[in-house]
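Below: coords.txt (compact mmCIF, C-alpha atoms)
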```txt
# COMPACT_ATOMS: atom_id res chain seq x y z
CA MET A 1 7.24 23.74 13.96
CA THR A 2 10.38 25.59 14.96
CA HIS A 3 10.25 26.95 11.47
CA SER A 4 11.71 30.44 11.64
CA LEU A 5 13.53 30.01 14.96
CA HIS A 6 16.88 28.61 13.91
CA ARG A 7 17.85 31.00 11.11
CA LYS A 8 21.64 31.21 10.91
CA GLY A 9 23.70 34.35 10.70
CA LYS A 10 25.53 36.88 12.86
CA ARG A 11 23.56 39.61 14.60
CA SER A 12 24.35 42.09 11.79
CA ASP A 13 23.09 39.58 9.20
CA LEU A 14 19.81 39.18 11.05
CA GLU A 15 18.95 42.84 11.00
CA ASN A 16 16.55 43.37 8.09
CA ASP A 17 15.14 39.85 8.54
CA TYR A 18 11.73 39.69 10.25
CA ILE A 19 8.90 37.23 9.94
CA ILE A 20 5.35 37.86 11.04
CA LEU A 21 3.19 34.81 11.60
CA ALA A 22 -0.51 34.73 12.38
CA MET A 23 -2.05 31.48 13.58
CA LEU A 24 -5.45 30.14 14.55
CA ALA A 25 -5.32 27.89 17.61
CA ALA A 26 -6.85 24.48 16.83
CA ASN A 27 -9.94 23.74 18.93
CA PHE A 28 -9.78 27.21 20.45
CA ASN A 29 -10.31 30.21 18.19
CA ASN A 30 -10.33 28.43 14.85
CA LYS A 31 -13.95 27.36 15.22
CA TYR A 32 -15.78 30.66 14.93
CA GLU A 33 -17.64 31.68 11.77
CA ASP A 34 -15.40 34.68 11.21
CA SER A 35 -12.06 32.99 12.14
CA ARG A 36 -11.05 32.37 8.54
CA ARG A 37 -12.21 35.80 7.38
CA LYS A 38 -10.08 37.44 10.09
CA LEU A 39 -7.02 35.39 9.21
CA ILE A 40 -7.38 36.33 5.55
CA GLU A 41 -7.80 39.98 6.51
CA ILE A 42 -4.49 39.70 8.41
CA GLY A 43 -2.97 38.30 5.23
CA GLU A 44 -4.28 41.29 3.26
CA ILE A 45 -2.70 43.69 5.77
CA LEU A 46 0.63 41.87 5.53
CA LYS A 47 0.44 42.05 1.74
CA LYS A 48 -0.37 45.77 1.84
CA TYR A 49 3.03 46.52 3.40
CA ASN A 50 4.96 44.93 0.50
CA PRO A 51 6.72 42.04 2.19
CA ILE A 52 9.88 40.69 0.59
CA ASN A 53 8.07 37.33 0.61
CA ILE A 54 4.65 36.03 1.67
CA MET A 55 2.82 32.72 1.80
CA SER A 56 0.90 32.00 -1.39
CA GLU A 57 -2.65 33.37 -1.28
CA ALA A 58 -3.93 30.06 -2.61
CA ALA A 59 -3.02 28.58 0.80
CA TRP A 60 -4.74 31.26 2.88
CA LYS A 61 -8.16 29.59 2.67
CA MET A 62 -6.93 26.29 4.12
CA SER A 63 -3.85 26.91 6.22
CA PRO A 64 -4.19 27.65 9.95
CA VAL A 65 -1.23 30.01 9.58
CA ILE A 66 -0.19 32.89 7.34
CA THR A 67 3.42 34.11 7.20
CA ALA A 68 5.26 37.01 5.58
CA THR A 69 8.82 38.31 5.62
CA PHE A 70 9.92 41.92 5.95
CA THR A 71 13.22 43.75 5.85
CA GLU A 72 12.44 46.90 7.86
CA ILE A 73 11.68 46.93 11.57
CA GLU A 74 9.71 50.19 11.19
CA ILE A 75 7.33 48.41 8.79
CA VAL A 76 6.93 45.59 11.29
CA LYS A 77 6.05 48.20 13.91
CA LYS A 78 3.37 49.73 11.66
CA ILE A 79 1.86 46.32 10.98
CA ILE A 80 1.75 45.34 14.64
CA LYS A 81 0.18 48.70 15.52
CA GLU A 82 -2.54 48.03 12.97
CA PHE A 83 -3.09 44.51 14.35
CA LYS A 84 -3.42 45.95 17.85
CA GLU A 85 -5.98 48.50 16.66
CA LYS A 86 -8.00 45.94 14.69
CA ASP A 87 -8.02 43.51 17.66
CA PHE A 88 -8.57 40.33 15.62
CA GLY A 89 -7.93 38.10 18.63
CA ILE A 90 -5.57 35.91 16.59
CA SER A 91 -2.07 34.98 17.82
CA ILE A 92 0.75 36.93 16.23
CA VAL A 93 4.40 35.83 16.40
CA ILE A 94 7.35 37.98 15.33
CA SER A 95 10.66 36.30 14.50
CA GLY A 96 13.81 38.39 14.52
CA LEU A 97 16.37 40.03 16.77
CA ILE A 98 15.09 40.03 20.35
CA ILE A 99 16.43 43.49 21.13
CA GLU A 100 14.69 45.09 18.13
CA ILE A 101 11.36 43.33 18.63
CA GLU A 102 11.21 44.24 22.31
CA ALA A 103 12.00 47.88 21.44
CA ILE A 104 9.09 48.22 19.01
CA LEU A 105 6.70 46.40 21.33
CA SER A 106 7.56 48.88 24.06
CA GLU A 107 6.90 51.79 21.69
CA ILE A 108 3.48 50.37 20.77
CA GLY A 109 2.50 49.54 24.34
CA LEU A 110 2.71 45.76 23.97
CA LYS A 111 4.82 43.22 25.81
CA THR A 112 6.41 39.88 25.10
CA HIS A 113 3.91 37.21 26.12
CA THR A 114 5.98 34.09 25.36
CA VAL A 115 9.42 33.68 23.83
CA HIS A 116 10.98 30.79 21.94
CA LEU A 117 14.75 31.10 22.22
CA SER A 118 17.27 29.27 20.07
CA LEU A 119 20.25 27.62 21.73
CA GLY A 120 21.72 26.73 18.34
CA THR A 121 22.86 23.45 16.82
CA PHE A 122 24.47 20.46 18.50
CA GLY A 123 25.78 17.02 17.60
CA LYS A 124 27.71 16.00 14.47
CA LYS A 125 28.26 19.51 13.12
CA GLU A 126 30.86 18.22 10.67
CA LEU A 127 27.88 16.97 8.61
CA LEU A 128 26.72 20.53 8.05
CA PRO A 129 27.50 22.58 4.95
CA LEU A 130 29.53 25.79 5.18
CA GLU A 131 28.09 28.66 7.18
CA ASP A 132 27.12 30.85 4.21
CA THR A 133 25.23 27.95 2.62
CA LEU A 134 23.47 27.39 5.94
CA GLU A 135 22.50 31.05 6.11
CA ILE A 136 20.58 30.49 2.89
CA THR A 137 19.14 27.02 3.55
CA THR A 138 17.96 27.87 7.07
CA MET A 139 15.82 30.67 5.68
CA CYS A 140 13.39 27.96 4.65
CA GLY A 141 12.03 26.75 7.98
CA HIS A 142 11.15 23.31 6.60
CA HIS A 143 14.54 22.72 4.98
CA CYS A 144 13.20 22.36 1.48
CA ILE A 145 16.24 24.18 0.03
CA SER A 146 19.07 21.83 -0.74
CA PRO A 147 22.70 22.83 0.08
CA THR A 148 23.70 21.33 -3.27
CA SER A 149 21.29 23.61 -5.12
CA VAL A 150 22.99 26.59 -3.46
CA SER A 151 26.46 25.57 -4.68
CA THR A 152 25.09 24.69 -8.14
CA ILE A 153 23.43 28.07 -8.45
CA VAL A 154 26.57 29.92 -7.31
CA LYS A 155 28.49 28.23 -10.14
CA GLN A 156 25.75 28.96 -12.67
CA VAL A 157 25.66 32.65 -11.79
CA ALA A 158 29.47 32.87 -11.76
CA LEU A 159 29.53 31.36 -15.26
CA LYS A 160 26.78 33.80 -16.30
CA LYS A 161 24.41 30.93 -17.19
CA ILE A 162 21.68 32.51 -15.07
CA SER A 163 21.15 35.99 -13.62
CA ILE A 164 21.35 36.41 -9.86
CA ASP A 165 17.71 37.55 -9.75
CA LYS A 166 16.54 34.40 -11.51
CA ALA A 167 18.83 32.38 -9.26
CA ILE A 168 17.17 33.79 -6.13
CA LYS A 169 13.70 32.98 -7.48
CA LYS A 170 14.86 29.44 -8.19
CA LEU A 171 16.26 29.04 -4.69
CA SER A 172 13.15 30.53 -3.12
CA LYS A 173 10.66 28.30 -4.95
CA PRO A 174 10.66 25.28 -2.59
CA CYS A 175 9.83 27.49 0.41
CA VAL A 176 6.03 27.38 0.35
CA CYS A 177 5.62 29.37 3.59
CA GLY A 178 7.01 32.61 2.18
CA ILE A 179 9.68 33.08 4.84
CA PHE A 180 12.68 32.91 2.52
CA ASN A 181 14.20 36.40 2.63
CA GLU A 182 15.15 37.10 -0.98
CA SER A 183 16.88 40.37 -0.10
CA ARG A 184 19.15 38.64 2.39
CA ALA A 185 19.74 35.79 -0.05
CA TYR A 186 20.88 38.33 -2.64
CA LYS A 187 23.61 39.65 -0.31
CA ILE A 188 24.80 36.19 0.71
CA LEU A 189 24.83 34.88 -2.86
CA THR A 190 26.71 37.96 -4.12
CA SER A 191 29.39 37.33 -1.52
CA MET A 192 29.57 33.60 -2.36
CA ILE A 193 29.89 34.34 -6.08
CA LYS A 194 32.74 36.81 -5.42
CA LYS A 195 34.59 34.11 -3.41
CA HIS A 196 33.95 31.57 -6.17
CA THR A 197 35.38 33.78 -8.90
CA LEU A 198 38.54 34.74 -6.91
CA MET B 1 8.80 8.78 -4.55
CA GLU B 2 10.06 7.24 -7.78
CA ILE B 3 11.52 8.33 -11.09
CA LYS B 4 10.08 6.56 -14.13
CA LYS B 5 13.13 5.01 -15.78
CA ASP B 6 11.51 4.74 -19.20
CA ILE B 7 10.67 8.46 -19.20
CA CYS B 8 13.83 9.91 -17.60
CA THR B 9 16.30 11.34 -20.13
CA GLY B 10 19.19 11.60 -17.66
CA CYS B 11 19.49 15.39 -17.97
CA GLY B 12 20.47 15.52 -14.27
CA GLN B 13 18.79 18.79 -13.40
CA CYS B 14 16.93 17.15 -10.50
CA ILE B 15 20.07 16.01 -8.70
CA SER B 16 20.83 19.21 -6.82
CA ILE B 17 17.22 19.85 -5.72
CA CYS B 18 17.04 17.01 -3.19
CA PRO B 19 17.54 18.41 0.36
CA VAL B 20 19.27 15.17 1.46
CA GLN B 21 21.15 14.39 -1.79
CA ALA B 22 19.22 11.19 -2.42
CA ILE B 23 19.19 11.56 -6.23
CA SER B 24 22.08 10.58 -8.46
CA LEU B 25 22.77 9.51 -12.04
CA LEU B 26 23.25 5.79 -12.65
CA LYS B 27 23.75 4.46 -16.17
CA LYS B 28 22.50 7.79 -17.57
CA LYS B 29 19.26 7.72 -15.59
CA ALA B 30 18.34 9.62 -12.42
CA VAL B 31 17.73 7.27 -9.51
CA ILE B 32 16.56 7.78 -5.94
CA ASN B 33 18.42 6.16 -3.05
CA LYS B 34 15.43 4.78 -1.13
CA SER B 35 17.16 4.57 2.21
CA LEU B 36 18.21 8.25 2.02
CA CYS B 37 14.94 9.54 0.54
CA VAL B 38 12.85 11.16 3.26
CA GLU B 39 9.69 11.41 1.08
CA CYS B 40 9.63 15.21 1.34
CA ALA B 41 8.40 15.50 -2.30
CA VAL B 42 10.51 18.59 -2.99
CA CYS B 43 11.77 16.87 -6.17
CA TYR B 44 8.20 16.21 -7.27
CA ARG B 45 7.13 19.81 -6.68
CA ASP B 46 10.21 21.79 -7.63
CA SER B 47 12.64 19.90 -9.90
CA GLU B 48 10.87 21.18 -13.05
CA CYS B 49 11.61 17.84 -14.71
CA PRO B 50 11.24 18.54 -18.44
CA VAL B 51 9.64 15.12 -19.03
CA LYS B 52 7.71 14.88 -15.72
CA ALA B 53 9.38 11.63 -14.71
CA PHE B 54 8.69 11.95 -10.95
CA ARG B 55 5.84 9.92 -9.44
CA LEU B 56 4.38 9.96 -5.96
CA THR B 57 4.12 6.36 -4.81
CA ARG B 58 1.60 4.94 -2.37
CA LEU B 59 3.62 4.41 0.78
CA LYS B 60 3.14 1.54 3.19
CA TRP B 61 3.85 1.31 6.90
CA PRO B 62 6.40 1.99 8.27
CA ARG B 63 7.84 4.01 5.33
CA ILE B 64 4.70 6.14 5.23
CA ILE B 65 5.82 7.74 8.51
CA ARG B 66 8.56 9.59 6.59
CA SER B 67 6.05 11.84 4.85
CA PRO B 68 4.53 13.84 7.76
CA PHE B 69 8.03 14.23 9.25
CA SER B 70 9.51 15.51 5.98
CA ASN B 71 6.89 16.84 3.59
CA VAL B 72 5.93 20.43 4.37
CA ILE B 73 2.50 19.93 2.78
CA ALA B 74 1.64 16.62 4.45
CA THR B 75 -0.69 16.92 7.42
CA HIS B 76 -0.14 14.68 10.40
CA LYS B 77 -3.27 12.77 11.37
CA ILE B 78 -2.77 13.63 15.04
CA THR B 79 -1.98 17.33 14.84
CA GLY B 80 -3.98 18.17 11.74
CA ILE B 81 -1.22 20.67 11.03
CA PRO B 82 1.00 20.66 7.95
CA GLY B 83 4.73 21.19 8.29
CA ARG B 84 5.89 18.50 10.75
CA GLY B 85 5.29 20.06 14.10
CA THR B 86 2.60 21.29 16.42
CA GLU B 87 1.49 24.78 17.26
CA GLU B 88 4.18 24.81 19.99
CA MET B 89 4.31 28.30 21.48
CA LYS B 90 2.83 30.09 18.47
CA THR B 91 -0.65 30.25 20.03
CA ASN B 92 0.35 30.26 23.71
CA ASP B 93 -1.60 33.47 24.39
CA VAL B 94 -4.72 31.47 23.55
CA THR B 95 -3.90 27.92 24.65
CA ASN B 96 -1.71 28.64 27.70
CA ARG B 97 0.23 25.51 26.80
CA PHE B 98 3.23 26.94 28.68
CA GLY B 99 2.46 28.69 31.94
CA PHE B 100 4.54 30.64 34.41
CA GLY B 101 7.15 28.52 36.16
CA GLU B 102 7.28 26.07 33.26
CA ILE B 103 9.83 25.79 30.51
CA GLY B 104 9.05 24.29 27.14
CA VAL B 105 11.79 22.55 25.20
CA SER B 106 11.94 21.74 21.49
CA ILE B 107 14.70 19.38 20.38
CA GLU B 108 14.61 19.09 16.61
CA LEU B 109 16.60 16.08 15.47
CA GLY B 110 18.13 16.39 12.03
CA ARG B 111 17.84 20.17 11.84
CA PRO B 112 19.34 21.98 10.00
CA GLY B 113 18.92 19.91 6.89
CA VAL B 114 20.90 16.76 7.77
CA GLY B 115 17.98 14.49 8.61
CA THR B 116 17.73 11.77 11.23
CA HIS B 117 16.78 8.15 11.75
CA LEU B 118 13.81 7.99 14.08
CA ARG B 119 15.77 5.73 16.43
CA ASN B 120 17.61 8.85 17.62
CA ILE B 121 14.43 9.95 19.37
CA GLU B 122 15.08 7.33 22.07
CA LEU B 123 18.49 8.81 22.88
CA PHE B 124 16.51 11.65 24.42
CA THR B 125 13.16 10.19 25.38
CA ILE B 126 14.59 7.40 27.54
CA LYS B 127 16.66 9.87 29.57
CA LEU B 128 13.88 12.47 29.67
CA SER B 129 11.33 9.92 30.91
CA LYS B 130 13.46 9.44 34.02
CA LEU B 131 12.95 13.15 34.72
CA ALA B 132 9.18 12.72 34.33
CA VAL B 133 8.92 15.51 31.73
CA SER B 134 5.52 16.23 30.18
CA PHE B 135 5.74 15.29 26.52
CA GLU B 136 3.43 17.29 24.27
CA GLU B 137 0.37 15.10 23.67
CA ASN B 138 -0.44 16.36 20.19
CA SER B 139 3.04 15.77 18.84
CA PRO B 140 3.87 13.29 16.04
CA VAL B 141 6.98 12.26 18.00
CA THR B 142 5.08 11.67 21.23
CA ALA B 143 2.69 9.46 19.25
CA LEU B 144 5.63 7.09 18.62
CA ILE B 145 6.46 6.62 22.34
CA ILE B 146 5.07 3.31 23.56
CA ASP B 147 5.83 3.20 27.28
CA ASP B 148 6.74 5.21 30.38
CA GLN B 149 10.43 4.51 29.80
CA GLY B 150 10.45 6.53 26.57
CA HIS B 151 10.87 3.68 24.08
CA ILE B 152 9.50 4.18 20.58
CA GLN B 153 7.83 1.77 18.18
CA GLU B 154 10.41 -0.72 16.96
CA GLU B 155 9.26 -0.82 13.36
CA VAL B 156 9.85 2.92 12.71
CA LYS B 157 13.38 3.15 14.13
CA ASP B 158 15.14 2.73 10.78
CA GLU B 159 12.97 5.29 8.99
CA TYR B 160 14.92 8.38 7.87
CA VAL B 161 13.22 11.76 8.02
CA LEU B 162 14.12 15.40 7.43
CA SER B 163 13.51 16.25 11.06
CA ALA B 164 11.65 15.11 14.15
CA ILE B 165 10.81 17.51 16.97
CA ILE B 166 10.69 16.27 20.54
CA GLU B 167 8.44 18.68 22.41
CA PHE B 168 7.99 18.69 26.17
CA LYS B 169 7.85 20.91 29.20
CA VAL B 170 9.35 20.82 32.68
CA PRO B 171 9.12 22.88 35.86
CA LYS B 172 11.74 25.62 35.73
CA GLU B 173 13.76 23.90 38.49
CA LYS B 174 14.47 20.92 36.23
CA ILE B 175 15.88 22.81 33.24
CA ASP B 176 19.49 22.29 34.34
CA GLN B 177 18.92 18.51 34.27
CA VAL B 178 17.43 18.77 30.77
CA LEU B 179 20.41 20.82 29.57
CA SER B 180 22.73 18.21 31.05
CA ILE B 181 20.96 15.50 29.02
CA ILE B 182 21.48 17.60 25.89
CA ARG B 183 25.22 17.68 26.59
CA ASP B 184 25.27 13.89 27.10
CA VAL B 185 23.34 13.02 23.94
CA GLU B 186 25.37 15.49 21.87
CA LYS B 187 28.40 13.21 22.30
CA GLU B 188 26.73 10.03 21.03
CA ILE B 189 24.19 11.08 18.37
CA ASP B 190 24.99 10.46 14.68
CA THR B 191 23.30 13.58 13.38
CA VAL B 192 22.70 17.19 14.38
CA PHE B 193 19.89 18.67 16.41
CA SER B 194 18.69 22.17 17.23
CA VAL B 195 17.38 23.20 20.62
CA GLY B 196 14.74 25.76 21.52
CA ILE B 197 13.58 26.95 24.93
CA ILE B 198 10.07 28.32 25.46
CA SER B 199 9.15 30.56 28.33
CA ARG B 200 6.12 32.53 29.34
CA ILE B 201 7.47 35.99 30.12
CA PHE B 202 6.60 38.05 33.16
CA GLN B 203 6.94 41.81 32.73
CA SER B 204 9.10 41.51 29.63
CA GLU B 205 11.97 39.86 31.49
CA ILE B 206 13.44 37.73 28.76
CA SER B 207 16.79 38.23 30.44
CA SER B 208 15.77 36.08 33.43
CA ILE B 209 15.42 33.01 31.21
CA THR B 210 18.46 33.80 29.05
CA ASN B 211 20.58 34.20 32.20
CA LEU B 212 19.37 30.84 33.51
CA ILE B 213 20.41 29.14 30.27
CA LYS B 214 23.78 30.90 30.14
CA LYS B 215 24.45 29.87 33.76
CA ASN B 216 24.32 26.28 32.51
CA GLY B 217 27.00 26.96 29.92
CA PHE B 218 24.80 27.42 26.86
CA GLU B 219 24.72 30.33 24.44
CA VAL B 220 21.44 31.94 23.45
CA ARG B 221 21.11 33.17 19.88
CA PRO B 222 20.20 36.85 19.36
CA ASN B 223 17.13 35.97 17.27
CA ALA B 224 13.98 34.40 18.63
CA LYS B 225 10.24 34.01 18.15
CA ILE B 226 8.09 36.28 20.26
CA ILE B 227 4.34 36.07 20.78
CA ILE B 228 2.91 39.47 21.47
CA GLY B 229 -0.27 38.55 23.32
CA LEU B 230 -2.94 39.59 20.83
CA GLY B 231 -4.57 36.17 20.66
CA LYS B 232 -7.85 35.48 22.47
CA LEU B 233 -10.02 32.46 23.16
```
Output the structure of this file as structure tokens.
Amino acid sequence: MTHSLHRKGKRSDLENDYIILAMLAANFNNKYEDSRRKLIEIGEILKKYNPINIMSEAAWKMSPVITATFTEIEIVKKIIKEFKEKDFGISIVISGLIIEIEAILSEIGLKTHTVHLSLGTFGKKELLPLEDTLEITTMCGHHCISPTSVSTIVKQVALKKISIDKAIKKLSKPCVCGIFNESRAYKILTSMIKKHTL
Amino acid sequence: MEIKKDICTGCGQCISICPVQAISLLKKKAVINKSLCVECAVCYRDSECPVKAFRLTRLKWPRIIRSPFSNVIATHKITGIPGRGTEEMKTNDVTNRFGFGEIGVSIELGRPGVGTHLRNIELFTIKLSKLAVSFEENSPVTALIIDDQGHIQEEVKDEYVLSAIIEFKVPKEKIDQVLSIIRDVEKEIDTVFSVGIISRIFQSEISSITNLIKKNGFEVRPNAKIIIGLGKL
């Protein structure tokens, strides 16, 4: 699943937007007695660092993957250092700005093993919503957030029918993986509401 | 997916929740456009219908194929993984799916959020088969390919899904031919698609792969997914 790869936004928008993913490899390291326990322990560590969003704990017992979203690269560095020390043997993927991730890896004494680069979007781009809507909808890697719900919510907040905090929770709800960055959504929505009311 | 007409009050709050805008009001009742509906079940899970009018229906072939390609919770019978794809590169430090000298490619039809008919898969797979690429075996898309020429099962071609990821790998020397195919298909496809390039990295030299892609006239986004090599067998 390309999931967190194709998040839209300029470089400055993508600072403060990091996803850590831990995954058991099917038919490789998912078959040991302690595989699930280790994955859940990873989830507990992610939770300890107060992510802006995290996959529901109810899913941790069944899902081969756990994901969480953070806004500070220094926190990501602390987490990865702890993973290195604990040596779980489970694959860890960081999504975010290449330059920042490589910098913290170097500081910790780790290296990029494999990279998944995004070349962007092609084809009938006239079918796409506006860029700021896309910046919100692409924060759900499975595209469960509708562009129409974004524009509806902008109007509702502008008309003071709903608070922006409640609006963000509403937008975030369909994203079951916990990679919707509510802090980033707040900034984008605030800007969209200002444009709407002008 | 269906909306029970006798229960629906026509409040309309479900209309905006559908990622592909398949719900509308008709004669004061919410209705689902079956050809647009990708069976993602977001409406069922998240519309908060005050009268619980949404029903999951038992799907038959070929419509049932929409669910694993669209519903984040549905697990594909081949991959055993929820969320429409495979592990791709996420466990490469364990699986070594992509080795040195190889480049993995992910072409996700319909992303971001437009959707695609499955027939669009052939626009790529027929051309890619001529290059003798290695399609990912455990992929739901590869499971639809029926011959060495890259044709897919006829009966699924009209099925509309949220996205379908074509996953394959090639020797590094062939990447320019793959990128050329992307430019060709871009002109004729009726939807959008997003492209990812996977590379095993030697001594942290991401720049060697980004330079190769840029040499072929493509931009590389500043954000990526990076495996950090902590996984073990």
Residues of chain A were defined as contacting chain B if any atom lay at most 7 Å from it, counting all atoms listed in the file; please report them as a PyMOL selection string.
chain A and resi 1+5+11+23+25+28-29+89-98+110-125+128+138+142-149+174
Could you check how far CA of Val65 (chain A) sits from CA of Cys177 (chain A), in Å to one decimal?
9.1 Å
Which residues are close to Glu74 (chain A), i.e. within 12 Å by all atoms listed in the file, leaving aside same-chain residues fewer than 2 positions away? Reply as a list in words.
Glu15, Asn16, Asp17, Tyr18, Tyr49, Phe70, Thr71, Glu72, Val76, Lys77, Lys78, Ile79, Ile80, Lys81, Glu100, Ile101, Ala103, Ile104, Leu105, Glu107 and Ile108 of chain A
May I have the centre and edge lengths, in Å to one decimal, of an axis-aligned box around the listed atoms of region 49-67 of chain A with 3 Å added to every side, as lines of an AutoDock Vina configuration file?
```
center_x = 0.9
center_y = 36.4
center_z = 3.7
size_x = 24.0
size_y = 26.2
size_z = 18.6
```
Students should find that CA of Lys170 (chain A) and CA of Ile153 (chain A) are spaced 8.7 Å
Please, what distance in Å, to one decimal, runs between CA of Leu198 (chain A) and CA of Glu126 (chain A)?
25.3 Å
Give me the residues within 10 Å of Leu144 (chain B) as a PyMOL selection string, counting only C-alpha atoms and dropping any in the same chain fewer than 6 places off.
chain B and resi 118+121+150-154+156-157
Using all atoms listed in the file, find all polymer residues with an atom at most 10 Å away from the point (15.5, 35.2, -5.9); report them as a ChimeraX atom specification.
/A:163-173,180-186,189
Within 8 Å of Tyr44 (chain B), counting only C-alpha atoms, which residues show up once you throw out same-chain ones fewer than 5 positions away? Write them as number ranges by chain, please.
B: 1, 54-56
Write out as a PyMOL selection string which residues come within 10 Å of Arg37 (chain A) when counting only C-alpha atoms, dropping same-chain ones fewer than 5 positions away.
chain A and resi 32+42-43+60-61
Store the residues of this selection in a file with C-alpha atoms, as a PDB file, in the frame of the given file.
```
ATOM      1  CA  TYR A  32     -15.780  30.660  14.930  1.00  0.00           C
ATOM      2  CA  ILE A  42      -4.490  39.700   8.410  1.00  0.00           C
ATOM      3  CA  GLY A  43      -2.970  38.300   5.230  1.00  0.00           C
ATOM      4  CA  TRP A  60      -4.740  31.260   2.880  1.00  0.00           C
ATOM      5  CA  LYS A  61      -8.160  29.590   2.670  1.00  0.00           C
TER       6      LYS A  61
END
```
Neighbours of Lys127 (chain B) within 10 Å (all atoms listed in the file; same-chain residues fewer than 5 positions away dropped), as a VMD selection string?
chain B and resid 122 132 to 133 149 to 150 178 181 to 182 184 to 185
With distances taken over only C-alpha atoms, which residue among A:Lys31, A:His3, A:Lys194, A:Lys47 lies nearest Val157 (chain A)?
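Smallest distance to Val157 (chain A) is found for A:Lys194.
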Return the single residue from B:Gly10, B:Gly217, B:Gly101, B:Pro62 that is closest to Val31 (chain B), with distances computed using all atoms listed in the file.
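The closest residue to Val31 (chain B) is B:Gly10.
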May I ask which of the residues B:Lys215, B:Arg97, B:Arg58, B:Arg63 is the closest one to Val38 (chain B), counting all atoms listed in the file?
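The closest residue to Val38 (chain B) is B:Arg63.
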Complete the atoms of region 19-35 of chain B to N, CA and C atoms and put them out as a PDB file, in the coordinates of the input.
```
ATOM      1  N   PRO B  19      16.945  17.866  -0.864  1.00  0.00           N
ATOM      2  CA  PRO B  19      17.540  18.410   0.360  1.00  0.00           C
ATOM      3  C   PRO B  19      18.505  17.445   1.059  1.00  0.00           C
ATOM      4  N   VAL B  20      18.383  16.144   0.803  1.00  0.00           N
ATOM      5  CA  VAL B  20      19.270  15.170   1.460  1.00  0.00           C
ATOM      6  C   VAL B  20      20.149  14.424   0.462  1.00  0.00           C
ATOM      7  N   GLN B  21      20.257  14.955  -0.761  1.00  0.00           N
ATOM      8  CA  GLN B  21      21.150  14.390  -1.790  1.00  0.00           C
ATOM      9  C   GLN B  21      20.875  12.908  -2.044  1.00  0.00           C
ATOM     10  N   ALA B  22      19.591  12.581  -2.198  1.00  0.00           N
ATOM     11  CA  ALA B  22      19.220  11.190  -2.420  1.00  0.00           C
ATOM     12  C   ALA B  22      19.127  10.831  -3.908  1.00  0.00           C
ATOM     13  N   ILE B  23      19.307  11.817  -4.792  1.00  0.00           N
ATOM     14  CA  ILE B  23      19.190  11.560  -6.230  1.00  0.00           C
ATOM     15  C   ILE B  23      20.578  11.594  -6.869  1.00  0.00           C
ATOM     16  N   SER B  24      20.815  10.599  -7.735  1.00  0.00           N
ATOM     17  CA  SER B  24      22.080  10.580  -8.460  1.00  0.00           C
ATOM     18  C   SER B  24      21.834  10.009  -9.855  1.00  0.00           C
ATOM     19  N   LEU B  25      22.881  10.098 -10.703  1.00  0.00           N
ATOM     20  CA  LEU B  25      22.770   9.510 -12.040  1.00  0.00           C
ATOM     21  C   LEU B  25      23.432   8.145 -12.034  1.00  0.00           C
ATOM     22  N   LEU B  26      22.709   7.142 -12.551  1.00  0.00           N
ATOM     23  CA  LEU B  26      23.250   5.790 -12.650  1.00  0.00           C
ATOM     24  C   LEU B  26      22.907   5.260 -14.034  1.00  0.00           C
ATOM     25  N   LYS B  27      23.944   4.926 -14.786  1.00  0.00           N
ATOM     26  CA  LYS B  27      23.750   4.460 -16.170  1.00  0.00           C
ATOM     27  C   LYS B  27      22.846   5.434 -16.940  1.00  0.00           C
ATOM     28  N   LYS B  28      23.162   6.697 -16.822  1.00  0.00           N
ATOM     29  CA  LYS B  28      22.500   7.790 -17.570  1.00  0.00           C
ATOM     30  C   LYS B  28      21.025   7.966 -17.231  1.00  0.00           C
ATOM     31  N   LYS B  29      20.618   7.498 -16.045  1.00  0.00           N
ATOM     32  CA  LYS B  29      19.260   7.720 -15.590  1.00  0.00           C
ATOM     33  C   LYS B  29      19.319   8.256 -14.161  1.00  0.00           C
ATOM     34  N   ALA B  30      18.395   9.140 -13.810  1.00  0.00           N
ATOM     35  CA  ALA B  30      18.340   9.620 -12.420  1.00  0.00           C
ATOM     36  C   ALA B  30      17.686   8.553 -11.573  1.00  0.00           C
ATOM     37  N   VAL B  31      18.296   8.270 -10.422  1.00  0.00           N
ATOM     38  CA  VAL B  31      17.730   7.270  -9.510  1.00  0.00           C
ATOM     39  C   VAL B  31      17.679   7.845  -8.100  1.00  0.00           C
ATOM     40  N   ILE B  32      16.728   7.328  -7.322  1.00  0.00           N
ATOM     41  CA  ILE B  32      16.560   7.780  -5.940  1.00  0.00           C
ATOM     42  C   ILE B  32      17.075   6.692  -5.003  1.00  0.00           C
ATOM     43  N   ASN B  33      17.958   7.072  -4.102  1.00  0.00           N
ATOM     44  CA  ASN B  33      18.420   6.160  -3.050  1.00  0.00           C
ATOM     45  C   ASN B  33      17.300   6.068  -2.001  1.00  0.00           C
ATOM     46  N   LYS B  34      16.627   4.920  -1.964  1.00  0.00           N
ATOM     47  CA  LYS B  34      15.430   4.780  -1.130  1.00  0.00           C
ATOM     48  C   LYS B  34      15.726   4.913   0.357  1.00  0.00           C
ATOM     49  N   SER B  35      16.907   4.491   0.761  1.00  0.00           N
ATOM     50  CA  SER B  35      17.160   4.570   2.210  1.00  0.00           C
ATOM     51  C   SER B  35      17.404   6.028   2.631  1.00  0.00           C
TER      52      SER B  35
END
```
